[in-house]
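Okay, so here's the structure we're looking at.
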Amino acid sequence: MSELTLLLLRIGFLVLLWAFVFAVVYSLRADLFGVKVRRMPDAAAAAAAAPMASGAAASSVTAPVAAAVPAPAAKPGGPATTATASRIVITSGPKTGLELPLGNEPLTIGRSSESGLVVRDDYTSSHHARLVLWGDQWMIQDLDSTNGTWHDGVRVTAPVPVNLGAPIKVGATTFELRK
């Protein structure tokens with residue numbers, strides 16, 4: 001083998017080794033510090049955007065986008081309504097039978113001790129999902145988890161309304177919202 005070929009092989013090996021080191025460091029950083037979380041729009045901003053979305057629904061280009069964003073169910077000008085769900089019940093997993101009351105604050109679900117509902121299993125991310133009260137409807141949002149969040153057998157890719165009694169699966173734990 002010529003010296004040039006050997007030198008190129010050595011350089012190629014070093015580049016590959018450093019790429020592996022950077023991939024490991026990036027993975028550790030993402031696991032320790034989390035990833036950037038997308039925020040759901042607040043009810044006031046969504047209510048202001050709803051008239052524009054209904055006017056733009058006539059356009060074939062914007063109609064799917066307007067249909068994908070659910071309108072908040074809060075009544076403008078009226079008193080604040082309460083959510084139909086008042087508790088979260090774990091139906092399968094390590095904490096089967098656990099019931100937690102739902103307030104009006106968002107509930108983060110994940111392996112991190114900072115989460116409102118801590119789920120300790122290998123298939124749950126540190127900050128896996130979030131339940132948010134939007135108007136009078138609870139919404140589930142996946143926080144870019146590795147294994148995904150499932151609502152009623154469908155993977156959650158954007159914030160979706162939660163149906164009462166529909167199973168929500170996070171890692172190896174299944175829970176549902178009840179009255």
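Naming scheme: A, B, ... for chains in displayed order of the structure tokens; residues 1 onward per chain; ligands 1 onward as shown.
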Distance query Arg130 of chain A at most 7 Å, only C-alpha atoms, self and fewer than 5 positions along chain excluded, as a ChimeraX atom specification:
/A:106-109,140-142
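Neighbouring residues of segment 143-153 of chain A at 6 Å or closer, counting only C-alpha atoms and skipping chain neighbours under 6 positions away, are Ser125, His128, Ala129, Ala166, Pro167, Ile168, Lys169 and Val170 of chain A.
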Could you write out the selected residues, including all heavy atoms, as a PDB file, in the first residue's frame?
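The resulting out_12.pdb:
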```pdb
ATOM      1  N   SER A 125     -39.794   9.231  27.552  1.00  0.00           N
ATOM      2  CA  SER A 125     -38.767  10.267  27.491  1.00  0.00           C
ATOM      3  C   SER A 125     -38.814  11.118  28.752  1.00  0.00           C
ATOM      4  O   SER A 125     -39.782  11.085  29.506  1.00  0.00           O
ATOM      5  CB  SER A 125     -38.991  11.158  26.268  1.00  0.00           C
ATOM      6  OG  SER A 125     -38.892  10.407  25.078  1.00  0.00           O
ATOM      7  N   HIS A 128     -42.051  13.790  27.995  1.00  0.00           N
ATOM      8  CA  HIS A 128     -42.664  12.994  26.945  1.00  0.00           C
ATOM      9  C   HIS A 128     -43.882  13.689  26.323  1.00  0.00           C
ATOM     10  O   HIS A 128     -43.979  13.826  25.114  1.00  0.00           O
ATOM     11  CB  HIS A 128     -43.084  11.635  27.530  1.00  0.00           C
ATOM     12  CG  HIS A 128     -43.356  10.606  26.489  1.00  0.00           C
ATOM     13  ND1 HIS A 128     -42.432   9.637  26.157  1.00  0.00           N
ATOM     14  CD2 HIS A 128     -44.435  10.386  25.720  1.00  0.00           C
ATOM     15  CE1 HIS A 128     -42.948   8.862  25.214  1.00  0.00           C
ATOM     16  NE2 HIS A 128     -44.163   9.302  24.931  1.00  0.00           N
ATOM     17  N   ALA A 129     -44.829  14.106  27.165  1.00  0.00           N
ATOM     18  CA  ALA A 129     -46.073  14.689  26.656  1.00  0.00           C
ATOM     19  C   ALA A 129     -46.592  15.719  27.646  1.00  0.00           C
ATOM     20  O   ALA A 129     -46.110  15.816  28.771  1.00  0.00           O
ATOM     21  CB  ALA A 129     -47.120  13.596  26.430  1.00  0.00           C
ATOM     22  N   ALA A 166     -60.958   7.830  26.420  1.00  0.00           N
ATOM     23  CA  ALA A 166     -60.102   7.315  25.349  1.00  0.00           C
ATOM     24  C   ALA A 166     -58.711   7.033  25.924  1.00  0.00           C
ATOM     25  O   ALA A 166     -58.176   7.841  26.675  1.00  0.00           O
ATOM     26  CB  ALA A 166     -59.994   8.325  24.219  1.00  0.00           C
ATOM     27  N   PRO A 167     -58.121   5.883  25.592  1.00  0.00           N
ATOM     28  CA  PRO A 167     -56.803   5.555  26.154  1.00  0.00           C
ATOM     29  C   PRO A 167     -55.702   6.435  25.565  1.00  0.00           C
ATOM     30  O   PRO A 167     -55.672   6.691  24.366  1.00  0.00           O
ATOM     31  CB  PRO A 167     -56.600   4.092  25.768  1.00  0.00           C
ATOM     32  CG  PRO A 167     -57.480   3.875  24.597  1.00  0.00           C
ATOM     33  CD  PRO A 167     -58.638   4.814  24.744  1.00  0.00           C
ATOM     34  N   ILE A 168     -54.826   6.912  26.435  1.00  0.00           N
ATOM     35  CA  ILE A 168     -53.644   7.669  26.039  1.00  0.00           C
ATOM     36  C   ILE A 168     -52.453   6.846  26.495  1.00  0.00           C
ATOM     37  O   ILE A 168     -52.355   6.488  27.665  1.00  0.00           O
ATOM     38  CB  ILE A 168     -53.620   9.059  26.701  1.00  0.00           C
ATOM     39  CG1 ILE A 168     -54.852   9.856  26.296  1.00  0.00           C
ATOM     40  CG2 ILE A 168     -52.346   9.807  26.321  1.00  0.00           C
ATOM     41  CD1 ILE A 168     -55.044  11.116  27.094  1.00  0.00           C
ATOM     42  N   LYS A 169     -51.554   6.532  25.554  1.00  0.00           N
ATOM     43  CA  LYS A 169     -50.413   5.678  25.879  1.00  0.00           C
ATOM     44  C   LYS A 169     -49.121   6.471  25.795  1.00  0.00           C
ATOM     45  O   LYS A 169     -48.825   7.091  24.779  1.00  0.00           O
ATOM     46  CB  LYS A 169     -50.353   4.484  24.930  1.00  0.00           C
ATOM     47  CG  LYS A 169     -49.291   3.494  25.312  1.00  0.00           C
ATOM     48  CD  LYS A 169     -49.413   2.206  24.556  1.00  0.00           C
ATOM     49  CE  LYS A 169     -48.315   1.286  25.059  1.00  0.00           C
ATOM     50  NZ  LYS A 169     -48.442  -0.049  24.645  1.00  0.00           N
ATOM     51  N   VAL A 170     -48.379   6.454  26.901  1.00  0.00           N
ATOM     52  CA  VAL A 170     -47.075   7.098  27.016  1.00  0.00           C
ATOM     53  C   VAL A 170     -46.111   6.027  27.494  1.00  0.00           C
ATOM     54  O   VAL A 170     -46.213   5.564  28.632  1.00  0.00           O
ATOM     55  CB  VAL A 170     -47.140   8.273  28.013  1.00  0.00           C
ATOM     56  CG1 VAL A 170     -45.762   8.794  28.313  1.00  0.00           C
ATOM     57  CG2 VAL A 170     -48.019   9.383  27.486  1.00  0.00           C
TER      58      VAL A 170
END
```
Counting only C-alpha atoms, which residue out of A:Ser2, A:Ser27, A:Thr173, A:Ser92 sits closest to Leu117 of chain A?
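Going through A:Ser2, A:Ser27, A:Thr173, A:Ser92 one by one, the smallest distance to Leu117 of chain A is for A:Thr173.
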Using only C-alpha atoms, which residue out of A:Val156, A:Leu164, A:Lys179, A:His127 lies closest to Ala30 of chain A?
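Among the listed residues, the smallest separation from Ala30 of chain A belongs to A:His127.
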Selection: 8 Å around Leu100 of chain A, only C-alpha atoms, excl. self and same-chain fewer than 4 positions, as a PyMOL selection string:
chain A and resi 87-89
Would you mind reading off the distance between atom CA of Gly110 of chain A and atom CA of Trp138 of chain A, one decimal, in Å?
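Interatomic distance here is 17.7 Å.
Using only C-alpha atoms for every distance, the candidate list A:Gly116, A:Asn104, A:Arg111, A:Asp121 yields A:Asn104 as the residue closest to Gln137 of chain A.
Between atom CA of Gly171 of chain A and atom CA of Val119 of chain A the interatomic distance comes to 8.3 Å.
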